[in-house]
Amino acid sequence: MSDTPLLDQLETGPWPSFIADLKRMAAKKPQIKDLLGQLERSYEEKITHWKHGGIVGVLGYGSGIIGRYSDLPDDFPGLEHFHTMRINQPSGWFYTTAALRMLCDIWDQYGSGVMNMHGSTGDIIFLGTTTDNLEPCFQALARNGFDIGGSGSAMRSPSCCCGLSRCEWSCYDTMEACYDITQEFQFELHRPGFPYKFKFKFSGCPNDCVAAVARADCSVIGVWKDDIRIDQAAVKAYAGGELKPKGGGAHVDKLDIQKDVVDLCPTQCMSWDGSTLKINNRECNHCMHCINLMPQALRPGTDKGATILLGSHAPILEGAQMSWVIVPFMRMEKPFDELKELGANIMEWWTENGKNRERVGELILRLGMREFCLAVGLDPVPQSIKTPRCNPFFFWHPEDFEAEAEGKTYIKL
Amino acid sequence: MADSVSKEELVESIYQEVAKVQGKKQLKAGDLTKLMIKKYGDAVSKNDVKFAIKELIDSGRCVYTYFGGSFIELPHEEGAAKHI
Amino acid sequence: MAEDRITDIGPPHYEQFLPPVIKANYGKWKYHEIPRPGVLKHVSESGDELYTVRCGAGRLLTTDYVREVCDIADKFCDGHVRWTSRNNIEFLTPKKENVEPLIAAIKAQGWPVGGTGHAVTSIVHTQGWIHCHTPAIDASGIVKSVMDDLFEYFGEHRLPAQVRISLACCLNMCGAVHCSDIAILGIHRTPPKIFHDKLRHVCEIPTTIAACPTGAIRPHPDKSIKSVVVNEERCMYCGNCYTMCPAMPLFDPDKGGVALLIGGKVSNAKHPPMFSRLGVPYLPNNPPRWPEVCQAIRKILLAYVNGANKWERLGEWITRIGWSRFFEICDIPFTFQHIDDYKWAYDTYNTSMHFKF
């Protein structure tokens, strides 16, 4: 009779089985036998058996270690202390096998051998070790070039899409921006000094493969300002069916340029006469639909940079928010000074004014966009709103009257 | 310019604030910064406090904790670690 | 502190991990194709080609598993491999002739190839019962069950558009699943239970009270009992009190369960990014295979496949037909839970005559 009859039922089926994988490890590590035992207990009882640990860490850091204690330590002694370590991933999640084997060797030596590739924020997650192993594991990693990632009320490990490394649509070097910003804010990443978490995510284009708009306080999404590059011969090849929509990634084999591309353009800025595709680029809102459908015919322009959006977070506490536009276009060239300065200003204003567990997006709603923009040095821009207000409760400040005295008007007549 | 405050004094002052409320109230780095600026005025900057906190943590006299938010506390055995 | 201690080095620079063909063509990629499900072909301005074989995986892996990934990458990809933002493993090689043997080696390992284009790709998820202290549900077990059930959609481009499924095991959503085509969300439905005898040994009362985001916790009215009480009407089941105080678990094995939120996306293509909206307010927490969750997701997915126009994401389809029609098609009874009564509820009320019977 198996010790884990419920978990055993997850060994069948075509998708890779984490239970089969864990069982191999259980043969080598007694704590994994306990882990399976406790998980089986959770499957029987339909409740978790973990307690949160809020104090364990490595000396000097307040981030990157999440304490875990089993509430069944007598039954599963290998889990009495079973802490998580977050390891800051390399940009774009690229590895050599030499680096991966090194990480595996270290984690086999100092921990459970169980990991996540990767956690929700992007870090490599090492699941399960004792308090005593935290420091030697950290230093073994550091000697091999890896550092611990963020957690708590700190800068979290920034993450990015693969950008220029393998995507023709990326409008800036997401991987270098992610690396550079991560290095710039090392103090803030390891030593929690914010009201709550702060995330940067870098997507190269408006397809937003790292879900920056939904999951990053500061979402940096690539964009272009000039004309979409068109290869008219390739457009004809799509029309004729020689080239397949989405490079072959769709459920249909042939594009109808009028119906599939032109009619679905949200700004109606395109036309197709059967031989030439025309785009009124000034009216394009760079949604990416046409480019997604015809990757061999259309490409973003060459005058490229990023839009900075701010404020997204999961629903806790006021309700989910998506980031909104605060800077419609920023040039994204190394060393990214403009973004670093803006980021530092935002963090300073939020740290000064935010309450415990208040994300920056929630603080802006509480104190107002005007106060935020003035504090970090941003002008009002129409790209930051969907619509202007519909209420008459707008207020005037002495600066407004001073500007009027100097000739400011609100419509040019 | 007001008289400057020595780093040792600042570190000790932060430690005392943490010790005073241990178990009753959890202070964040931002709370400690505000308390120090209130106490010393222009004689300390946010940056002074930031590095004083680093020194306090590096010495092991205080630790970062995480209970929904991150705080600075005296090292102690937490409830979850107790075998009850 | 030891003198030779290393801190604050940050992550290693990515460049040392890039395959030579990527270093040579960084920023020079011209276009890509998906010659078959799970295989990407990128072509550079220089004419160089890069082949990527995408392999589905759970995010919970052992070092044994990762070493097997390394063995394949060593054999066919000169030791280069990456992970995607959705937990897929990508094997990278400039050699076209390596693609078929690479796929064969991955399949021999029992791993699936797919997850590209109009497919259901790997589910991003949180920890669940394997390592989290506030989950209502497991994560890896539900993900495995749902992906087994939808397996036919992983390896083929059969859907009107891509479908992104995500799972978070409690409303804190450390996985931030709130803009997914289908979000599987663990829900608690009852306030924490308080173990008064234990509480005084393991919890600080003032800090526990302060931890509640809605101010629902106060000292026990009987001063001789050193504990707290919860105003149950105010409790939103977030579990932050349990994070602070292990004597206040909020788990109820019979009442906890799963909600499905539907129709979100992050891409800007056609429609702007959209939040996922409550589709199914409750499904039972039924390990080890969660059959009700799998059936509900399949039902919604099939309704979408049958009803959506070409290129329509799930949320775009629902926006076109209207939520009332969606509930009707999917046999989902409409409940008070579907009507928002939290902070920005008004934004969701219908103030027009644009509705259907």
# chains A, B, ... in the order shown; residues from 1 in each chain; ligands from 1
>>> closest_atom_pairs(of="chain A", to="chain B", cutoff="7 Å", atoms="only C-alpha atoms", output="CSV")
residue,atom,partner,partner_atom,distance
A:Lys51,CA,B:Ala80,CA,5.9
A:His52,CA,B:Ala80,CA,6.4
A:Gly53,CA,B:Ala80,CA,6.0
A:Gly54,CA,B:Tyr66,CA,4.5
A:Ile55,CA,B:Thr65,CA,4.7
A:Leu59,CA,B:Asp58,CA,6.3
A:Gly60,CA,B:Asp58,CA,4.7
A:Gly62,CA,B:Tyr64,CA,4.8
A:Tyr69,CA,B:Ala81,CA,6.5
A:Gly152,CA,B:Ser70,CA,5.4
A:Ser153,CA,B:Ser70,CA,5.1
A:Pro192,CA,B:Ser70,CA,6.2
A:Gly193,CA,B:Ala29,CA,5.0
A:Phe194,CA,B:Gly30,CA,6.9
A:Tyr196,CA,B:Gly69,CA,6.1
A:Thr351,CA,B:Gly30,CA,6.5
A:Asn356,CA,B:Gly69,CA,6.6
A:Arg357,CA,B:Gly69,CA,6.0
>>> closest_atom_pairs(of="stretch 145-200 of chain C", to="stretch 299-320 of chain C", cutoff="7 Å", atoms="only C-alpha atoms", output="JSON lines")
{"residue": "C:Leu159", "atom": "CA", "partner": "C:Val305", "partner_atom": "CA", "distance": 6.1}
{"residue": "C:Pro160", "atom": "CA", "partner": "C:Lys310", "partner_atom": "CA", "distance": 5.0}
{"residue": "C:Ala161", "atom": "CA", "partner": "C:Trp311", "partner_atom": "CA", "distance": 5.0}
{"residue": "C:Gln162", "atom": "CA", "partner": "C:Arg313", "partner_atom": "CA", "distance": 6.9}
{"residue": "C:Asp181", "atom": "CA", "partner": "C:Leu314", "partner_atom": "CA", "distance": 6.0}
>>> write_last_selection(atoms="N, CA and C atoms", output="mmCIF file, in the first residue's frame")
data_model
loop_
_atom_site.group_PDB
_atom_site.id
_atom_site.type_symbol
_atom_site.label_atom_id
_atom_site.label_comp_id
_atom_site.auth_asym_id
_atom_site.auth_seq_id
_atom_site.Cartn_x
_atom_site.Cartn_y
_atom_site.Cartn_z
ATOM 1 N N LEU C 159 -7.098 27.072 -31.637
ATOM 2 C CA LEU C 159 -8.003 28.029 -30.987
ATOM 3 C C LEU C 159 -8.135 29.303 -31.831
ATOM 4 N N PRO C 160 -9.194 30.098 -31.593
ATOM 5 C CA PRO C 160 -9.351 31.370 -32.315
ATOM 6 C C PRO C 160 -8.196 32.346 -32.042
ATOM 7 N N ALA C 161 -7.575 32.225 -30.898
ATOM 8 C CA ALA C 161 -6.409 33.045 -30.536
ATOM 9 C C ALA C 161 -5.707 32.303 -29.403
ATOM 10 N N GLN C 162 -4.643 32.878 -28.875
ATOM 11 C CA GLN C 162 -3.976 32.221 -27.750
ATOM 12 C C GLN C 162 -4.868 32.269 -26.508
ATOM 13 N N ASP C 181 -6.840 35.040 -19.611
ATOM 14 C CA ASP C 181 -8.047 34.563 -20.307
ATOM 15 C C ASP C 181 -8.894 33.735 -19.335
#
>>> residues_around(residues="C:Gly56", least_positions_apart="4", cutoff="6 Å", atoms="only C-alpha atoms", output="ChimeraX atom specification")
/C:88,112,122
>>> write_last_selection(atoms="N, CA, C and O atoms", output="PDB file, in the first residue's frame")
ATOM      1  N   ASN C  88       7.585  27.681 -19.657  1.00  0.00           N
ATOM      2  CA  ASN C  88       8.008  26.741 -20.693  1.00  0.00           C
ATOM      3  C   ASN C  88       9.529  26.732 -20.775  1.00  0.00           C
ATOM      4  O   ASN C  88      10.186  27.736 -20.493  1.00  0.00           O
ATOM      5  N   PRO C 112       6.059  17.431 -23.256  1.00  0.00           N
ATOM      6  CA  PRO C 112       5.294  17.876 -24.419  1.00  0.00           C
ATOM      7  C   PRO C 112       5.960  19.044 -25.151  1.00  0.00           C
ATOM      8  O   PRO C 112       6.603  19.901 -24.544  1.00  0.00           O
ATOM      9  N   SER C 122       1.527  26.670 -21.153  1.00  0.00           N
ATOM     10  CA  SER C 122       1.666  26.265 -19.748  1.00  0.00           C
ATOM     11  C   SER C 122       0.965  27.262 -18.825  1.00  0.00           C
ATOM     12  O   SER C 122       0.951  28.462 -19.079  1.00  0.00           O
TER      13      SER C 122
END
>>> select_by_dssp(residues="stretch 39-262 of chain A", states="alpha helix (DSSP H)", output="number ranges by chain")
A: 39-45, 97-110, 131-143, 174-184, 186-190, 212-215, 232-240
>>> residues_around(residues="B:Val11", least_positions_apart="3", cutoff="6 Å", atoms="only C-alpha atoms", output="number ranges by chain")
B: 8, 14, 52
>>> residues_around(residues="stretch 243-255 of chain C", least_positions_apart="4", cutoff="7 Å", atoms="only C-alpha atoms", output="ChimeraX atom specification")
/A:45-47,51-52 /B:67-68,79-80 /C:136,188-195,198-199,202-203,208,211,239
>>> residues_around(residues="stretch 15-27 of chain C", least_positions_apart="4", cutoff="8 Å", atoms="only C-alpha atoms", output="PyMOL selection string")
(chain A and resi 94-96+164-168+173) or (chain C and resi 44+46+48-50+80+92+94)
>>> write_last_selection(atoms="N, CA and C atoms", output="tab-separated table (two decimals), in the first residue's frame")
chain	number	residue	atom	x	y	z
A	94	PHE	N	17.89	33.22	-19.69
A	94	PHE	CA	18.83	32.42	-20.47
A	94	PHE	C	19.85	31.79	-19.52
A	95	TYR	N	20.23	30.55	-19.82
A	95	TYR	CA	21.25	29.85	-19.02
A	95	TYR	C	22.16	29.05	-19.93
A	96	THR	N	23.37	28.83	-19.44
A	96	THR	CA	24.17	27.74	-19.98
A	96	THR	C	23.93	26.54	-19.07
A	164	LEU	N	15.61	42.13	-27.57
A	164	LEU	CA	16.42	42.10	-28.79
A	164	LEU	C	17.12	40.77	-29.00
A	165	SER	N	17.21	39.95	-27.94
A	165	SER	CA	17.97	38.71	-28.08
A	165	SER	C	17.30	37.76	-29.05
A	166	ARG	N	15.97	37.80	-29.12
A	166	ARG	CA	15.30	36.86	-30.03
A	166	ARG	C	13.94	37.37	-30.47
A	167	CYS	N	13.79	38.66	-30.65
A	167	CYS	CA	12.47	39.12	-31.09
A	167	CYS	C	12.65	40.34	-31.98
A	168	GLU	N	12.04	40.29	-33.13
A	168	GLU	CA	12.17	41.39	-34.09
A	168	GLU	C	11.28	42.58	-33.72
A	173	ASP	N	16.30	47.58	-25.64
A	173	ASP	CA	17.05	46.44	-25.11
A	173	ASP	C	16.51	46.11	-23.71
C	44	SER	N	17.50	36.32	-39.13
C	44	SER	CA	18.17	37.60	-38.91
C	44	SER	C	18.35	38.35	-40.23
C	46	SER	N	21.06	39.18	-41.17
C	46	SER	CA	22.27	38.58	-41.72
C	46	SER	C	22.00	37.26	-42.44
C	48	ASP	N	21.21	34.58	-40.78
C	48	ASP	CA	21.35	33.53	-39.76
C	48	ASP	C	19.97	33.08	-39.28
C	49	GLU	N	19.90	31.83	-38.89
C	49	GLU	CA	18.64	31.29	-38.38
C	49	GLU	C	18.82	30.76	-36.96
C	50	LEU	N	17.76	30.89	-36.19
C	50	LEU	CA	17.75	30.31	-34.84
C	50	LEU	C	16.47	29.50	-34.70
C	80	HIS	N	22.84	25.45	-24.42
C	80	HIS	CA	22.06	26.68	-24.24
C	80	HIS	C	20.58	26.39	-24.12
C	92	LEU	N	17.43	26.02	-27.70
C	92	LEU	CA	17.82	26.94	-28.76
C	92	LEU	C	18.98	26.38	-29.57
C	94	PRO	N	21.06	26.92	-33.65
C	94	PRO	CA	21.08	27.45	-35.02
C	94	PRO	C	21.01	26.34	-36.06
>>> residues_around(residues="A:Pro5", least_positions_apart="5", cutoff="10 Å", atoms="only C-alpha atoms", output="MDAnalysis selection string")
(chainID A and resid 10 40 43:44) or (chainID C and resid 288)
>>> write_last_selection(atoms="C-alpha atoms", output="PDB file, in the first residue's frame")
ATOM      1  CA  LEU A  10      -1.244  12.630 -10.371  1.00  0.00           C
ATOM      2  CA  GLU A  40      -0.743  13.866   0.866  1.00  0.00           C
ATOM      3  CA  TYR A  43      -4.874  16.390  -0.166  1.00  0.00           C
ATOM      4  CA  GLU A  44      -6.768  14.327   2.418  1.00  0.00           C
TER       5      GLU A  44
ATOM      6  CA  PRO C 288      -6.456  14.944  -6.334  1.00  0.00           C
TER       7      PRO C 288
END
>>> atom_distance(atom1="atom CA of C:Ala139", atom2="atom CA of A:Ala20")
16.0 Å
>>> atom_distance(atom1="atom CA of A:Gly111", atom2="atom CA of A:Ala26")
12.9 Å
>>> atom_distance(atom1="atom CA of A:Thr12", atom2="atom CA of C:Lys144")
9.7 Å
